[in-house]
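What follows is a set of notes on a single structure, which appears directly below.
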Amino acid sequence: MEELAKEALARDQADPLARTRELFVLDADTVYLDGNSLGALPRAVEGHLADVVSREWGRLRIRSWTESGWWEMPQRVGELVAPLVGAAPGQVVVGDSTSVNVFKAVVGAVRIAREGDARRDELLVDEATFPTDGYITGSAARLTGCTVRPVAADAVPDAVGPRTAAVLLNHVDYRTGVLNDLPALTAAVHAAGALAVWDLCHSAGALPVGLDAHGVDFALGCTYKFLNGGPGSPAYLYVRAAHQERFETPLPGWNSHADPFAMAPAYEPAAGAARGRVGTPDILSMAALEAALGVWDGVRIEDVRAKSLALTDFFLRCVAAYRKEDGAVRVRSLTPAEPARRGSQVALLCDPAERAEQVMRELIARGVVGDFRRPGVLRFGFTPLYTAFQDVERAARVLGDVIGGPR
Ligand SMILES: Cc1ncc(COP(=O)(O)O)c(C=O)c1O
Ligand SMILES: Nc1c(O)cccc1C(=O)C[C@H](N)C(=O)O
């Protein structure tokens with residue numbers, strides 16, 4: 001087993017992304033593998049937030065809406081997210097939560113689909129979706145007179161048809177870490193004349209997305225996972241340039257008006273990404289996100305993907321090497337070994353499932369932080385900008401110890 005520790009050291013020494021770890025606040029005695037839920041704190045955030053609070057808010061006060069660029073922040077920070085998801089400028093706006101952006105995107109997509117064919121009255125939703133997407137799509141369906149049909153992502157090409165208005169899919173499954181085939185599924189949705197809406201929460205910042213290249217219609221995601229924006233940091237909405245003129249938001253707040261300060265009684269939508277705004281943006285959270293996105297300077301998402309796959313692959317190998325066949329708890333990976341099907345997390349199903357929560361508690365007590373999802377899944381997220389191969393080896397070794405005791 002010393003071999004694996006030696007390999008981890010050598011791989012860290014050769015890692016072209018090793019320098020970015022220094023940009024984060026981490027502690028030496030903890031292996032943090034929960035960046036797929038809440039990313040670690042980038043060092044630059046604290047000083048930037050202090051300045052925004054003390055100078056921009058404290059001294060400039062109301063002037064900051066113009067002088068500190070607060071008003072334009074949703075679009076400006078959107079332009080920082082755009083290259084990470086493969087979007088040319090002018091298509092991404094930051095604000096609100098993922099849940100709220102699911103609502104804007106799904107209703108917007110239905111309205112556009114109906115312009116083409118008023119009979120389209122069905123929404124397909126990834127049956128394994130993170131719950132909020134399903135709940136919100138259900139409500140969007142009731143409001144637009146659609147029905148919702150949950151389907152497995154792989155079954156979308158067979159299920160989508162002439163009645164389908166839009167399909168909501170998750171790029172990476174939050175529970176299993178399965179990476180869905182965004183190019184192929186988007187193409188299948190389009191072949192049926194419907195629109196594709198993608199939730200990128202678990203892929204943005206971990207792997208290339210290619211929204212423009214693959215013709216995605218709408219996309220949204222949170223910024224507190226692999227984009228490290230902080231707890232509750234604002235989400236983003238992508239509306240493909242070709243749809244922006246026809247995008248009729250279901251939440252036409254005054255910030256999305258063509259001339260907000262006209263305070264006009266009649267609504268006239270803004271052009272471009274600003275149409276996805278609603279009300280006053282949360283400046284402090286958005287400021288934290290803006291500073292956090294600085295860690296991407298000079299980083300290529302392709303390099304991040306290469307390291308992500310190397311980390312998850314190495315973790316699967318280490319887990320296989322360190323687990324004991326006759327241990328108290330057996331684990332089986334729900335995350336595909338096939339790289340093209342793998343996001344940036346590994347989900348291990350415990351047998352017996354009831355032991356999983358206790359296993360994760362024990363791991364955390366021993367300095368390895370992942371999370372637990374019912375009924376018996378241990379989730380480990382790998383953030384290439386700060387996860388080291390030595391972290392991976394240590395996490396698997398501690399896991400082997402925790403699950404390897406007598407039955
Ligand atoms: C795929 C996915 N969608 C949505 C959310 C959450 O949305 P919100 O930021 O609105 O809580 C999460 C995680 O919390 C998620 O994993
Ligand atoms: N958004 C979260 C929160 O507000 C509290 C605790 C966890 C979360 C999460 O991000 C959960 C996460 N989306 C998941 O994949 O399970």
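Residue numbering restarts at 1 in every chain; chains get A, B, ... in the order shown in the structure tokens, and ligands count up from 1 in that same order.
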Could you build a table of the residues in chain A lying no more than 8 Å from ligand 2, giving for each the nearest pair of atoms and their separation in Å rounded to one decimal place, using only C-alpha atoms and all ligand atoms, ordered by chain and ascending residue number, as a tab-separated table?
residue	atom	partner	partner_atom_place_in_ligand_line	distance
A:Asn36	CA	ligand 2	15 (O)	6.6
A:Ser37	CA	ligand 2	10 (O)	4.2
A:Leu38	CA	ligand 2	10 (O)	6.4
A:Phe130	CA	ligand 2	13 (N)	7.2
A:Tyr174	CA	ligand 2	15 (O)	4.5
A:Arg175	CA	ligand 2	15 (O)	6.6
A:Cys201	CA	ligand 2	13 (N)	7.3
A:His202	CA	ligand 2	15 (O)	7.4
A:Tyr224	CA	ligand 2	10 (O)	7.5
A:Lys225	CA	ligand 2	10 (O)	7.0
A:Pro231	CA	ligand 2	4 (O)	7.0
A:Gly232	CA	ligand 2	4 (O)	6.4
A:Arg373	CA	ligand 2	16 (O)	7.3
Go ahead and save the picked residues with C-alpha atoms, as a compact mmCIF listing (two decimals), in the first residue's frame.
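Listed below is the output, result_0.txt:
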# COMPACT_ATOMS: atom_id res chain seq x y z
CA ASN A 36 -19.62 19.28 -4.76
CA SER A 37 -21.91 20.64 -2.03
CA LEU A 38 -20.07 23.72 -0.73
CA PHE A 130 -32.36 16.89 -7.82
CA TYR A 174 -26.14 14.70 -7.83
CA ARG A 175 -26.46 11.29 -6.22
CA CYS A 201 -24.94 22.48 -10.76
CA HIS A 202 -22.61 19.47 -10.63
CA TYR A 224 -21.52 27.45 -4.46
CA LYS A 225 -20.13 24.06 -5.51
CA PRO A 231 -23.04 29.50 0.95
CA GLY A 232 -26.14 30.60 -0.91
CA ARG A 373 -27.28 10.82 1.00
Hey, could you make a per-residue contact list for chain A against ligand 1 with 12 Å as the cut-off, showing the nearest pair of atoms and its distance in Å to one decimal, counting only C-alpha atoms and all ligand atoms, sorted by chain and number, as a Markdown table?
| residue | atom | partner | partner_atom_place_in_ligand_line | distance |
| --- | --- | --- | --- | --- |
| A:Gly35 | CA | ligand 1 | 16 (O) | 11.7 |
| A:Asn36 | CA | ligand 1 | 16 (O) | 8.3 |
| A:Ser37 | CA | ligand 1 | 13 (C) | 7.0 |
| A:Leu38 | CA | ligand 1 | 14 (O) | 9.2 |
| A:Gly95 | CA | ligand 1 | 9 (O) | 10.7 |
| A:Asp96 | CA | ligand 1 | 10 (O) | 8.0 |
| A:Ser97 | CA | ligand 1 | 10 (O) | 4.3 |
| A:Thr98 | CA | ligand 1 | 10 (O) | 3.8 |
| A:Ser99 | CA | ligand 1 | 10 (O) | 3.7 |
| A:Val100 | CA | ligand 1 | 10 (O) | 6.5 |
| A:Asn101 | CA | ligand 1 | 10 (O) | 8.0 |
| A:Val102 | CA | ligand 1 | 10 (O) | 8.4 |
| A:Phe103 | CA | ligand 1 | 10 (O) | 10.3 |
| A:Asp126 | CA | ligand 1 | 1 (C) | 10.7 |
| A:Ala128 | CA | ligand 1 | 1 (C) | 9.8 |
| A:Thr129 | CA | ligand 1 | 1 (C) | 6.7 |
| A:Phe130 | CA | ligand 1 | 1 (C) | 4.8 |
| A:Pro131 | CA | ligand 1 | 3 (N) | 7.5 |
| A:Thr132 | CA | ligand 1 | 4 (C) | 5.9 |
| A:Asp133 | CA | ligand 1 | 3 (N) | 6.2 |
| A:Gly134 | CA | ligand 1 | 3 (N) | 9.5 |
| A:Tyr135 | CA | ligand 1 | 4 (C) | 10.7 |
| A:Ile136 | CA | ligand 1 | 10 (O) | 9.9 |
| A:Thr137 | CA | ligand 1 | 3 (N) | 11.9 |
| A:Leu168 | CA | ligand 1 | 1 (C) | 10.9 |
| A:Leu169 | CA | ligand 1 | 1 (C) | 9.1 |
| A:Asn170 | CA | ligand 1 | 1 (C) | 6.2 |
| A:His171 | CA | ligand 1 | 1 (C) | 8.2 |
| A:Val172 | CA | ligand 1 | 1 (C) | 7.5 |
| A:Asp173 | CA | ligand 1 | 1 (C) | 6.9 |
| A:Tyr174 | CA | ligand 1 | 16 (O) | 5.3 |
| A:Arg175 | CA | ligand 1 | 16 (O) | 8.5 |
| A:Thr176 | CA | ligand 1 | 16 (O) | 11.4 |
| A:Gly177 | CA | ligand 1 | 16 (O) | 10.7 |
| A:Val178 | CA | ligand 1 | 1 (C) | 11.9 |
| A:Leu179 | CA | ligand 1 | 1 (C) | 11.9 |
| A:Trp198 | CA | ligand 1 | 1 (C) | 9.5 |
| A:Asp199 | CA | ligand 1 | 1 (C) | 5.9 |
| A:Leu200 | CA | ligand 1 | 1 (C) | 6.8 |
| A:Cys201 | CA | ligand 1 | 1 (C) | 5.0 |
| A:His202 | CA | ligand 1 | 1 (C) | 6.2 |
| A:Ser203 | CA | ligand 1 | 1 (C) | 9.2 |
| A:Ala204 | CA | ligand 1 | 1 (C) | 10.9 |
| A:Ala219 | CA | ligand 1 | 3 (N) | 11.2 |
| A:Leu220 | CA | ligand 1 | 3 (N) | 8.7 |
| A:Gly221 | CA | ligand 1 | 3 (N) | 6.7 |
| A:Cys222 | CA | ligand 1 | 9 (O) | 5.5 |
| A:Thr223 | CA | ligand 1 | 9 (O) | 8.3 |
| A:Tyr224 | CA | ligand 1 | 9 (O) | 8.2 |
| A:Lys225 | CA | ligand 1 | 13 (C) | 8.5 |
| A:Phe226 | CA | ligand 1 | 16 (O) | 11.2 |
| A:Gly229 | CA | ligand 1 | 9 (O) | 11.7 |
| A:Gly230 | CA | ligand 1 | 9 (O) | 11.3 |
| A:Pro231 | CA | ligand 1 | 9 (O) | 9.4 |
| A:Gly232 | CA | ligand 1 | 9 (O) | 6.8 |
| A:Ser233 | CA | ligand 1 | 9 (O) | 8.2 |
| A:Pro234 | CA | ligand 1 | 9 (O) | 7.8 |
| A:Ala235 | CA | ligand 1 | 9 (O) | 6.7 |
| A:Tyr236 | CA | ligand 1 | 9 (O) | 9.9 |
| A:Arg373 | CA | ligand 1 | 16 (O) | 11.8 |
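Nearest to Asp34 (chain A) of all the residues A:Glu393, A:Glu338, A:Glu325, A:Asp371 is A:Asp371, based on only C-alpha atoms.
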Neighbouring residues of region 261-277 of chain A were defined as those with any atom within 9 Å, considering only C-alpha atoms; residues of the same chain fewer than 2 positions away were excluded. Please report them as a ChimeraX atom specification. /A:74-75,78,90-96,101,104-105,237-239,241,244-245,247-249,251-259,279-281
Write the residues you've just listed into a file as a short mmCIF file (atom, residue, chain, number, x, y, z; two decimals), in the first residue's frame, and include C-alpha atoms for each of them.
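Produced file result-v1.cif, reproduced below:
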data_model
loop_
_atom_site.label_atom_id
_atom_site.label_comp_id
_atom_site.auth_asym_id
_atom_site.auth_seq_id
_atom_site.Cartn_x
_atom_site.Cartn_y
_atom_site.Cartn_z
CA PRO A 74 -25.41 40.39 -12.62
CA GLN A 75 -24.23 40.72 -16.23
CA GLY A 78 -22.25 36.39 -15.73
CA GLY A 90 -24.01 38.28 -23.56
CA GLN A 91 -25.87 35.08 -22.63
CA VAL A 92 -25.31 34.48 -18.92
CA VAL A 93 -26.75 36.49 -16.06
CA VAL A 94 -26.12 35.85 -12.36
CA GLY A 95 -28.82 36.15 -9.73
CA ASP A 96 -31.49 34.40 -7.70
CA ASN A 101 -33.80 30.01 -12.55
CA LYS A 104 -37.61 31.10 -15.55
CA ALA A 105 -35.99 28.67 -17.98
CA LEU A 237 -29.12 31.58 -16.12
CA TYR A 238 -28.01 31.01 -19.70
CA VAL A 239 -30.41 31.95 -22.49
CA ALA A 241 -28.55 34.33 -27.98
CA GLN A 244 -33.23 36.05 -26.26
CA GLU A 245 -35.62 38.15 -28.31
CA PHE A 247 -37.60 34.82 -24.15
CA GLU A 248 -40.65 35.87 -22.15
CA THR A 249 -39.66 35.62 -18.52
CA LEU A 251 -40.82 36.83 -13.49
CA PRO A 252 -40.66 40.22 -15.20
CA GLY A 253 -39.28 42.21 -12.29
CA TRP A 254 -38.20 45.80 -12.75
CA ASN A 255 -34.50 44.87 -13.06
CA SER A 256 -35.34 43.10 -16.32
CA HIS A 257 -37.04 46.18 -17.78
CA ALA A 258 -35.47 47.93 -20.77
CA ASP A 259 -35.33 51.15 -18.75
CA GLY A 279 -35.31 42.26 -8.61
CA THR A 280 -32.49 43.95 -6.72
CA PRO A 281 -29.40 41.73 -6.77
#
When DSSP is applied to the backbone of this structure, which of region 118-327 of chain A are assigned strand (DSSP E or B)? Write them out as a count of residues only. 35
Close residues, Leu316 (chain A) itself excluded, 9 Å, only C-alpha atoms, min 3 positions apart in chain, as a list in words: Leu311, Thr312, Asp313, Val319, Ala320, Ala321, Ser333, Ala337, Val346 and Ala396 of chain A
Within 6 Å of region 43-47 of chain A, counting only C-alpha atoms, which residues qualify if same-chain residues fewer than 6 places away don't, as a compact mmCIF listing (two decimals) with C-alpha atoms, in the first residue's frame?
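Listed below is the output, part-v8.txt:
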# COMPACT_ATOMS: atom_id res chain seq x y z
CA LEU A 23 -5.54 30.18 -3.54
CA PHE A 24 -7.92 28.48 -1.05
CA VAL A 25 -8.31 28.41 2.71
CA ALA A 288 -18.02 37.17 -2.87
CA ALA A 291 -13.78 37.55 -6.11
CA ALA A 292 -14.02 33.75 -5.96
Would you give me, as a PyMOL selection string, the residues in region 325-397 of chain A that DSSP reads as alpha helix (DSSP H)? chain A and resi 356-365+389-397
Print the selection's residues with C-alpha atoms to a file, as an mmCIF file, in the first residue's frame.
data_model
loop_
_atom_site.group_PDB
_atom_site.id
_atom_site.type_symbol
_atom_site.label_atom_id
_atom_site.label_comp_id
_atom_site.auth_asym_id
_atom_site.auth_seq_id
_atom_site.Cartn_x
_atom_site.Cartn_y
_atom_site.Cartn_z
ATOM 1 C CA ALA A 356 -23.605 4.597 5.738
ATOM 2 C CA GLU A 357 -24.512 7.570 7.917
ATOM 3 C CA GLN A 358 -22.382 6.256 10.777
ATOM 4 C CA VAL A 359 -19.497 5.560 8.362
ATOM 5 C CA MET A 360 -19.567 9.162 7.149
ATOM 6 C CA ARG A 361 -19.711 10.451 10.731
ATOM 7 C CA GLU A 362 -16.640 8.385 11.557
ATOM 8 C CA LEU A 363 -14.811 9.585 8.441
ATOM 9 C CA ILE A 364 -15.506 13.207 9.357
ATOM 10 C CA ALA A 365 -14.292 12.568 12.909
ATOM 11 C CA PHE A 389 -3.716 13.075 -4.964
ATOM 12 C CA GLN A 390 -2.379 12.663 -1.425
ATOM 13 C CA ASP A 391 -5.811 13.722 -0.119
ATOM 14 C CA VAL A 392 -7.358 11.010 -2.254
ATOM 15 C CA GLU A 393 -5.030 8.287 -1.016
ATOM 16 C CA ARG A 394 -5.559 9.330 2.613
ATOM 17 C CA ALA A 395 -9.350 9.426 2.242
ATOM 18 C CA ALA A 396 -9.439 5.913 0.764
ATOM 19 C CA ARG A 397 -7.067 4.593 3.452
#
Residues within 9 Å of Val189 (chain A), please, as a PyMOL selection string. Count only C-alpha atoms; anything in the same chain fewer than 2 positions from it doesn't count. chain A and resi 156-157+160-161+164+166-167+184-187+191-196
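The space separating CA of Leu26 (chain A) from CA of Gly39 (chain A) comes to 10.8 Å.
Reported to one decimal place, the separation of CA of Ala10 (chain A) from CA of Tyr386 (chain A) is 16.4 Å.
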